Structures are given as C-alpha cells and as structure tokens.
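What's in start.cif: mmCIF, C-alpha atoms and all ligand atoms
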```
data_data
#
loop_
_atom_site.label_atom_id
_atom_site.label_comp_id
_atom_site.auth_asym_id
_atom_site.auth_seq_id
_atom_site.Cartn_x
_atom_site.Cartn_y
_atom_site.Cartn_z
CA MET A 1 -6.69 3.57 -30.01
CA SER A 2 -9.92 1.90 -31.25
CA GLU A 3 -13.23 3.58 -30.44
CA SER A 4 -14.19 0.99 -27.82
CA ALA A 5 -10.73 1.14 -26.16
CA HIS A 6 -11.07 4.91 -26.07
CA ASP A 7 -14.54 4.64 -24.45
CA ALA A 8 -13.21 2.22 -21.84
CA ALA A 9 -10.27 4.52 -21.03
CA SER A 10 -12.45 7.62 -20.63
CA ASN A 11 -14.91 5.59 -18.55
CA PHE A 12 -12.06 4.66 -16.16
CA THR A 13 -10.91 8.31 -16.03
CA GLY A 14 -14.40 9.40 -15.01
CA ARG A 15 -14.74 6.64 -12.43
CA ARG A 16 -11.33 7.53 -10.97
CA ALA A 17 -12.44 11.14 -10.45
CA GLN A 18 -15.68 9.90 -8.85
CA MET A 19 -13.73 7.54 -6.58
CA VAL A 20 -11.61 10.45 -5.34
CA ARG A 21 -14.68 12.62 -4.75
CA ASN A 22 -17.14 10.10 -3.34
CA GLN A 23 -14.92 7.63 -1.50
CA LEU A 24 -11.99 9.80 -0.37
CA GLN A 25 -12.94 13.49 -0.08
CA ALA A 26 -16.48 12.72 1.10
CA ARG A 27 -14.98 10.66 3.94
CA GLY A 28 -12.59 13.36 5.08
CA ILE A 29 -9.35 12.67 3.20
CA THR A 30 -7.73 16.11 2.79
CA ASP A 31 -4.03 15.34 2.13
CA ALA A 32 -3.55 17.08 -1.25
CA ALA A 33 -0.65 14.87 -2.32
CA VAL A 34 -2.62 11.68 -1.62
CA LEU A 35 -5.70 12.98 -3.45
CA GLN A 36 -3.61 14.11 -6.43
CA ALA A 37 -1.75 10.78 -6.65
CA MET A 38 -4.95 8.73 -6.45
CA ALA A 39 -6.57 10.96 -9.06
CA THR A 40 -3.63 10.19 -11.37
CA VAL A 41 -2.66 6.51 -10.99
CA PRO A 42 -4.70 4.23 -13.30
CA ARG A 43 -5.91 1.64 -10.77
CA GLU A 44 -7.31 -0.47 -13.63
CA LEU A 45 -3.72 -1.21 -14.76
CA PHE A 46 -3.13 -3.17 -11.53
CA ILE A 47 -6.44 -5.10 -11.54
CA GLN A 48 -6.76 -8.59 -13.06
CA PRO A 49 -8.75 -8.29 -16.36
CA ARG A 50 -11.61 -10.46 -15.02
CA TYR A 51 -12.19 -7.94 -12.19
CA ALA A 52 -11.68 -4.81 -14.35
CA GLU A 53 -15.25 -3.66 -13.69
CA TRP A 54 -14.43 -3.46 -9.95
CA ALA A 55 -11.35 -1.26 -10.42
CA TYR A 56 -12.96 1.82 -8.81
CA ASP A 57 -15.41 0.07 -6.48
CA ASP A 58 -15.35 0.89 -2.78
CA THR A 59 -13.92 -2.53 -1.86
CA PRO A 60 -10.73 -4.59 -1.93
CA VAL A 61 -10.37 -6.49 -5.25
CA PRO A 62 -9.04 -10.08 -5.55
CA THR A 63 -5.69 -10.55 -7.24
CA LEU A 64 -3.13 -13.35 -7.79
CA ALA A 65 -2.06 -15.79 -5.03
CA LYS A 66 -5.41 -15.33 -3.20
CA GLN A 67 -4.41 -11.82 -2.16
CA THR A 68 -6.20 -8.48 -2.60
CA VAL A 69 -5.69 -4.98 -3.95
CA SER A 70 -6.64 -2.86 -0.93
CA GLN A 71 -9.76 -0.65 -0.83
CA PRO A 72 -8.96 2.87 -2.14
CA TYR A 73 -10.20 4.61 1.02
CA VAL A 74 -8.05 2.44 3.30
CA ILE A 75 -4.94 3.17 1.20
CA ALA A 76 -5.69 6.91 1.26
CA HIS A 77 -6.31 6.85 5.02
CA MET A 78 -3.06 4.96 5.74
CA PHE A 79 -1.00 7.26 3.51
CA SER A 80 -2.58 10.34 5.10
CA LEU A 81 -1.59 9.04 8.54
CA LEU A 82 2.02 8.88 7.31
CA ALA A 83 2.04 12.64 6.47
CA LEU A 84 4.30 11.88 3.48
CA GLN A 85 6.74 14.47 2.14
CA PRO A 86 8.15 14.70 -1.43
CA THR A 87 11.67 13.96 -0.12
CA ASP A 88 10.64 10.82 1.82
CA ARG A 89 12.15 7.38 1.30
CA VAL A 90 9.36 4.88 1.93
CA LEU A 91 9.24 1.15 2.62
CA GLU A 92 6.07 -0.78 1.80
CA VAL A 93 5.59 -4.32 3.12
CA GLY A 94 3.13 -6.27 0.95
CA THR A 95 3.49 -5.06 -2.65
CA GLY A 96 0.54 -7.14 -3.87
CA SER A 97 -0.50 -5.80 -7.28
CA GLY A 98 1.83 -2.77 -7.02
CA TYR A 99 -1.06 -0.25 -7.05
CA ALA A 100 -0.32 1.30 -3.66
CA ALA A 101 3.41 1.43 -4.49
CA ALA A 102 2.53 3.37 -7.66
CA VAL A 103 0.50 5.84 -5.57
CA LEU A 104 3.40 6.18 -3.11
CA SER A 105 5.83 6.79 -5.96
CA CYS A 106 3.81 9.87 -7.01
CA ILE A 107 4.06 11.33 -3.49
CA ALA A 108 7.52 10.37 -2.20
CA ALA A 109 11.08 10.39 -3.60
CA GLU A 110 11.89 6.66 -3.42
CA VAL A 111 9.74 3.62 -2.72
CA TYR A 112 11.08 0.20 -1.69
CA THR A 113 8.49 -2.56 -1.57
CA VAL A 114 8.71 -6.20 -0.47
CA GLU A 115 6.31 -9.03 -1.40
CA ARG A 116 6.49 -12.68 -0.32
CA HIS A 117 4.77 -14.17 -3.42
CA GLN A 118 7.05 -14.31 -6.48
CA LYS A 119 4.00 -14.27 -8.83
CA LEU A 120 2.93 -10.91 -7.39
CA VAL A 121 6.49 -9.56 -7.50
CA GLU A 122 6.60 -10.27 -11.24
CA PHE A 123 3.10 -8.87 -11.82
CA ALA A 124 3.82 -5.67 -9.85
CA ARG A 125 7.20 -5.12 -11.55
CA GLN A 126 5.63 -5.48 -14.98
CA LYS A 127 2.73 -3.13 -14.20
CA LEU A 128 4.95 -0.51 -12.54
CA THR A 129 7.23 -0.52 -15.59
CA GLU A 130 4.24 -0.34 -17.96
CA GLY A 131 2.89 2.64 -16.00
CA GLY A 132 6.27 4.42 -16.01
CA PHE A 133 6.70 4.44 -12.23
CA VAL A 134 10.50 4.60 -12.16
CA ASN A 135 11.25 5.43 -8.50
CA VAL A 136 9.94 2.09 -7.13
CA TRP A 137 12.04 -0.99 -6.37
CA VAL A 138 10.33 -4.34 -5.77
CA LYS A 139 11.91 -7.38 -4.14
CA GLN A 140 10.72 -10.84 -3.14
CA GLY A 141 11.19 -11.68 0.52
CA ASP A 142 9.85 -11.59 4.05
CA GLY A 143 8.90 -7.97 4.58
CA THR A 144 8.52 -8.41 8.35
CA LEU A 145 12.33 -8.17 8.30
CA GLY A 146 12.14 -4.99 6.22
CA TRP A 147 14.78 -4.16 3.60
CA PRO A 148 17.72 -3.26 5.88
CA GLU A 149 20.21 -2.43 3.08
CA LYS A 150 18.03 0.52 1.96
CA SER A 151 17.16 1.80 5.47
CA PRO A 152 16.55 4.14 7.23
CA TYR A 153 13.07 5.04 5.96
CA ASP A 154 11.10 8.21 6.64
CA ALA A 155 7.90 6.20 6.40
CA ILE A 156 6.96 2.52 6.51
CA VAL A 157 3.56 1.14 5.51
CA VAL A 158 2.59 -2.46 6.15
CA ALA A 159 -0.27 -3.63 3.92
CA ALA A 160 -1.05 -6.87 5.80
CA GLY A 161 -2.17 -7.55 9.38
CA GLY A 162 0.26 -8.89 11.98
CA PRO A 163 0.10 -9.77 15.68
CA PHE A 164 2.56 -6.96 16.63
CA VAL A 165 4.77 -4.30 15.03
CA PRO A 166 7.97 -6.08 13.91
CA ALA A 167 11.06 -4.90 15.83
CA SER A 168 13.04 -5.06 12.57
CA LEU A 169 10.76 -2.43 11.02
CA LYS A 170 11.06 -0.11 14.03
CA GLN A 171 14.84 -0.39 13.77
CA GLN A 172 14.71 0.68 10.12
CA LEU A 173 12.61 3.79 10.84
CA ALA A 174 14.58 7.08 10.65
CA LEU A 175 14.43 9.47 13.57
CA GLY A 176 11.19 11.42 13.05
CA GLY A 177 9.92 8.56 10.87
CA ARG A 178 6.35 7.23 10.87
CA LEU A 179 5.02 3.68 10.45
CA VAL A 180 1.44 2.55 9.87
CA MET A 181 0.32 -1.05 10.12
CA PRO A 182 -2.77 -3.18 10.88
CA VAL A 183 -2.21 -5.02 14.19
CA GLY A 184 -4.55 -7.53 15.81
CA ALA A 185 -4.69 -10.68 17.92
CA GLU A 186 -6.85 -12.33 15.21
CA GLN A 187 -5.51 -13.07 11.72
CA ARG A 188 -8.18 -11.10 9.78
CA ARG A 189 -9.27 -8.33 12.17
CA GLN A 190 -6.98 -5.52 13.16
CA HIS A 191 -6.67 -1.89 14.24
CA LEU A 192 -4.44 0.48 12.35
CA VAL A 193 -1.49 1.42 14.54
CA VAL A 194 0.68 4.49 13.94
CA VAL A 195 4.22 4.43 15.36
CA LYS A 196 6.38 7.57 15.48
CA HIS A 197 10.14 7.38 16.09
CA SER A 198 10.13 10.48 18.26
CA GLU A 199 13.59 10.30 19.92
CA PRO A 200 16.50 7.84 19.72
CA ASP A 201 15.10 4.48 20.94
CA ARG A 202 11.74 6.09 21.74
CA PHE A 203 8.56 5.23 19.81
CA ILE A 204 5.09 6.68 20.33
CA THR A 205 2.23 4.34 19.37
CA ILE A 206 -1.31 5.48 18.60
CA GLN A 207 -4.22 3.11 17.88
CA GLU A 208 -6.53 4.11 15.03
CA THR A 209 -9.60 2.69 13.23
CA SER A 210 -10.48 -1.01 12.87
CA VAL A 211 -9.65 -2.72 9.55
CA ALA A 212 -9.61 -6.21 7.98
CA PHE A 213 -6.42 -7.06 6.09
CA VAL A 214 -5.00 -10.35 4.81
CA PRO A 215 -2.45 -11.81 7.26
CA LEU A 216 1.19 -10.75 7.42
CA ILE A 217 3.06 -14.04 7.18
CA GLY A 218 6.70 -14.10 8.23
CA ALA A 219 9.39 -14.36 10.88
CA GLU A 220 7.96 -11.34 12.75
CA GLY A 221 4.36 -11.92 11.69
CA TRP A 222 2.00 -14.93 11.65
CA PRO A 223 3.44 -18.40 10.96
CA GLY A 224 2.98 -19.52 7.32
N1 LIG B 1 -0.38 -2.97 -1.43
C1 LIG B 1 -1.12 -3.95 -2.19
C2 LIG B 1 -1.77 -3.37 -3.41
O1 LIG B 1 -1.74 -2.18 -3.62
O2 LIG B 1 -2.28 -4.17 -4.20
C3 LIG B 1 -2.09 -4.72 -1.37
C4 LIG B 1 -1.43 -5.63 -0.45
S1 LIG B 1 -2.33 -7.05 0.04
C5 LIG B 1 -3.64 -6.40 0.99
C6 LIG B 1 -1.17 -7.68 1.22
C7 LIG B 1 0.07 -8.29 0.61
O3 LIG B 1 0.98 -8.59 1.66
C8 LIG B 1 -0.20 -9.60 -0.09
O4 LIG B 1 0.21 -9.53 -1.43
C9 LIG B 1 0.65 -10.62 0.69
O5 LIG B 1 1.19 -11.64 -0.12
C10 LIG B 1 1.71 -9.72 1.27
N2 LIG B 1 2.43 -10.24 2.43
C11 LIG B 1 1.96 -10.92 3.51
N3 LIG B 1 2.97 -11.18 4.36
C12 LIG B 1 4.10 -10.65 3.81
C13 LIG B 1 5.46 -10.59 4.21
N4 LIG B 1 5.91 -11.11 5.36
N5 LIG B 1 6.33 -9.96 3.41
C14 LIG B 1 5.93 -9.42 2.23
N6 LIG B 1 4.66 -9.45 1.80
C15 LIG B 1 3.75 -10.05 2.59
#
```
What's the structure tokens form of this structure?
Amino acid sequence: MSESAHDAASNFTGRRAQMVRNQLQARGITDAAVLQAMATVPRELFIQPRYAEWAYDDTPVPTLAKQTVSQPYVIAHMFSLLALQPTDRVLEVGTGSGYAAAVLSCIAAEVYTVERHQKLVEFARQKLTEGGFVNVWVKQGDGTLGWPEKSPYDAIVVAAGGPFVPASLKQQLALGGRLVMPVGAEQRRQHLVVVKHSEPDRFITIQETSVAFVPLIGAEGWPG
C-alpha cells in the first residue's frame, strides 16, 4: 500500500470508530452486535468515490440511480429494533449500495436482499464480494413481494418508505419474527413501524420514530 493510501485507510478507520461513538452510542444504541458490526464494516467501500469524504458523516449519502446509502444512525436504530440473533435468516428490501446488507451479514446467519435497480444490484454484488461478505445473496426484483422461495425469515427490514406494510412480507415472516419498515401516507415522510408475528396469523404493530426514506416502489408499495 502506498503511503497516501495507507493514510486514507487509517483515516477511515478512525472516522468509523468516531461514528460508532458519537453517532450511535451517544444516541443510545446499545445492541453489542450492531455496534460491533458497524465498527467493522468499511462503509467507504460502498460509497461512490466522489462522495468518499462523506462516508462517515451523520447523513444519508447519494448513490447510483438517484438513491441513497442510509444514515448510519438510522440503520443502527432499525437493526436494534429487530433484536437480531446470530442464527437469524434475514430479508432486506432495498439493497441500495449493499452497505446495510454487509452490516446484517456480520450479525445474522444468512441475508437475502432485493433491489429494483439492476445498476445497484451489480454495484452491491461487486462490493459485497470485494469485502468478503459471503453469507449475502442479492437479487433484482420487486421487494414488496419479498423473496418467497427463501422464506420464512426471522427478521425483515425494509429500507424504503411505503404506504402500508406489504401483506406478502408479513406472510414470509416466521412465527416470532420481526419486521421493521418506514410507513407513511406521504412518499418521503414516514414513521418506523415494527411488526411482530406473535402467534399464527397474529401480528402486533408498534409505531416508532419519524424518518424520511426514499419511496418503496412496487406492487405492494407506491406506483412507479
Ligand atoms: N440499504 C441501502 C444501503 O445500505 O445502501 C439503502 C437503501 S435506499 C435508502 C432504498 C433502496 O430501496 C433504493 O436502492 C431503492 O431503489 C430500493 N427500492 C425501492 N423500492 C423497491 C422495491 N420495491 N424493491 C426493491 N428495492 C426497492
């Protein structure tokens, strides 16, 4: 590694540790697995080179296809709400850059992630391979319909905002499973909603904090 590449790498390592301390722990994130994963995954790998300086900023970062890499705190908060276990099989809707899927792959056993934009599917696959995240499978498609062949899931996370929780996703949630998703009547303002599959055909829904995600476009989301 050249001297300047080495400086850049150690700079990112320092900023990652600061991000965990100042943006996550300082705001009450205590889930040890989430903190450990976010202290490990190199977020800069998933950021477009022109936005590299923003890799550890406390904001979403633009990526391909006019989409975003979600704000670190929001990812940590959503994953904490899922109370993830090392044996969990997880579905993510909205792969985007692949960063959040990489974080999930450090916490759970298997991660299935669906993205509607082919460009992002290719980008995420390449970056996940480069980073050595082997327990993640990415497919192109309408994630509002889930990935039924790989269901049931112990946890489902939806990384885009829809008008309601898709029935298809509830059907693919294992008994005892948890789902977290931004839901709102407006396309860019939502509340996080947590759904627990408590008993056969019984779901408990809790409304959480307000958020602003890009829209979930699909058969059980917003029209494209
Ligand atoms: N998890 C991502 C990351 O770590 O970079 C951030 C996701 S970004 C906020 C939301 C993503 O959801 C976008 O890439 C968008 O294209 C995708 N999306 C929107 N509707 C979708 C759908 N029906 N199925 C799959 N992906 C969808």
Report task. Please check which residues have atoms at most 9 Å from (8.0, 3.1, -5.3) in the file's coordinates, counting all atoms listed in the file, and write them as an NGL selection string. Result -> :A and (89-92 or 98 or 100-106 or 108-113 or 128 or 133-138)
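Relative to atom C2 of ligand LIG 1 (chain B), atom CA of A:Val193 is found at 18.6 Å.
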| query | Near A:Lys196, within 6 Å and counting all atoms listed in the file, which residues show up once chain neighbours fewer than 3 positions away are dropped, as a PyMOL selection string? | reply | chain A and resi 177-178+203-204
May I have the residues within 9 Å of A:Val20 as a short mmCIF file (atom, residue, chain, number, x, y, z; two decimals) with C-alpha atoms, in the coordinates of the input, using all atoms listed in the file and disregarding those fewer than 4 positions away in the same chain?
```cif
data_model
loop_
_atom_site.label_atom_id
_atom_site.label_comp_id
_atom_site.auth_asym_id
_atom_site.auth_seq_id
_atom_site.Cartn_x
_atom_site.Cartn_y
_atom_site.Cartn_z
CA ARG A 15 -14.74 6.64 -12.43
CA ARG A 16 -11.33 7.53 -10.97
CA LEU A 24 -11.99 9.80 -0.37
CA GLN A 25 -12.94 13.49 -0.08
CA ALA A 26 -16.48 12.72 1.10
CA LEU A 35 -5.70 12.98 -3.45
CA GLN A 36 -3.61 14.11 -6.43
CA MET A 38 -4.95 8.73 -6.45
CA ALA A 39 -6.57 10.96 -9.06
CA PRO A 72 -8.96 2.87 -2.14
CA TYR A 73 -10.20 4.61 1.02
#
```
Could you make a table, as a tab-separated table, of the residues of stretch 75-114 of chain A that have an atom within 9 Å of an atom of stretch 44-63 of chain A, each with its nearest atom pair and distance in Å to one decimal, counting only C-alpha atoms, in chain and number order?
```
residue	atom	partner	partner_atom	distance
A:Gly96	CA	A:Thr63	CA	7.9
A:Ser97	CA	A:Phe46	CA	5.6
A:Gly98	CA	A:Phe46	CA	6.7
A:Tyr99	CA	A:Phe46	CA	5.7
```
- Task: Please provide as a ChimeraX atom specification all residues within 9 Å of A:Ala167, with the sequence filter that same-chain residues fewer than 4 positions apart are discarded (counting only C-alpha atoms).
- Result: /A:144-145,171-172,220
Can you write just those residues out, C-alpha atoms, as a compact mmCIF listing (two decimals), in the coordinates of the input?
```txt
# COMPACT_ATOMS: atom_id res chain seq x y z
CA THR A 144 8.52 -8.41 8.35
CA LEU A 145 12.33 -8.17 8.30
CA GLN A 171 14.84 -0.39 13.77
CA GLN A 172 14.71 0.68 10.12
CA GLU A 220 7.96 -11.34 12.75
```
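Straight-line separation from atom CA of A:Ala159 to atom CA of A:Pro200: 25.7 Å.
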Expected answer as a VMD selection string: residues within 6 Å of ligand LIG 1 (chain B), only C-alpha atoms and all ligand atoms
chain A and resid 67 to 70 93 to 100 114 to 117 141 to 144 159 to 160 213 to 218
**Asked** Which polymer residues, protein or nucleic acid, are no farther than 7 Å from (0.0, -3.2, 7.5), counting all atoms listed in the file, as a VMD selection string?
**Response** chain A and resid 157 to 161 180 to 182
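Counting from atom CA of A:Pro163, the distance to atom CA of A:Gln190 is 8.6 Å.
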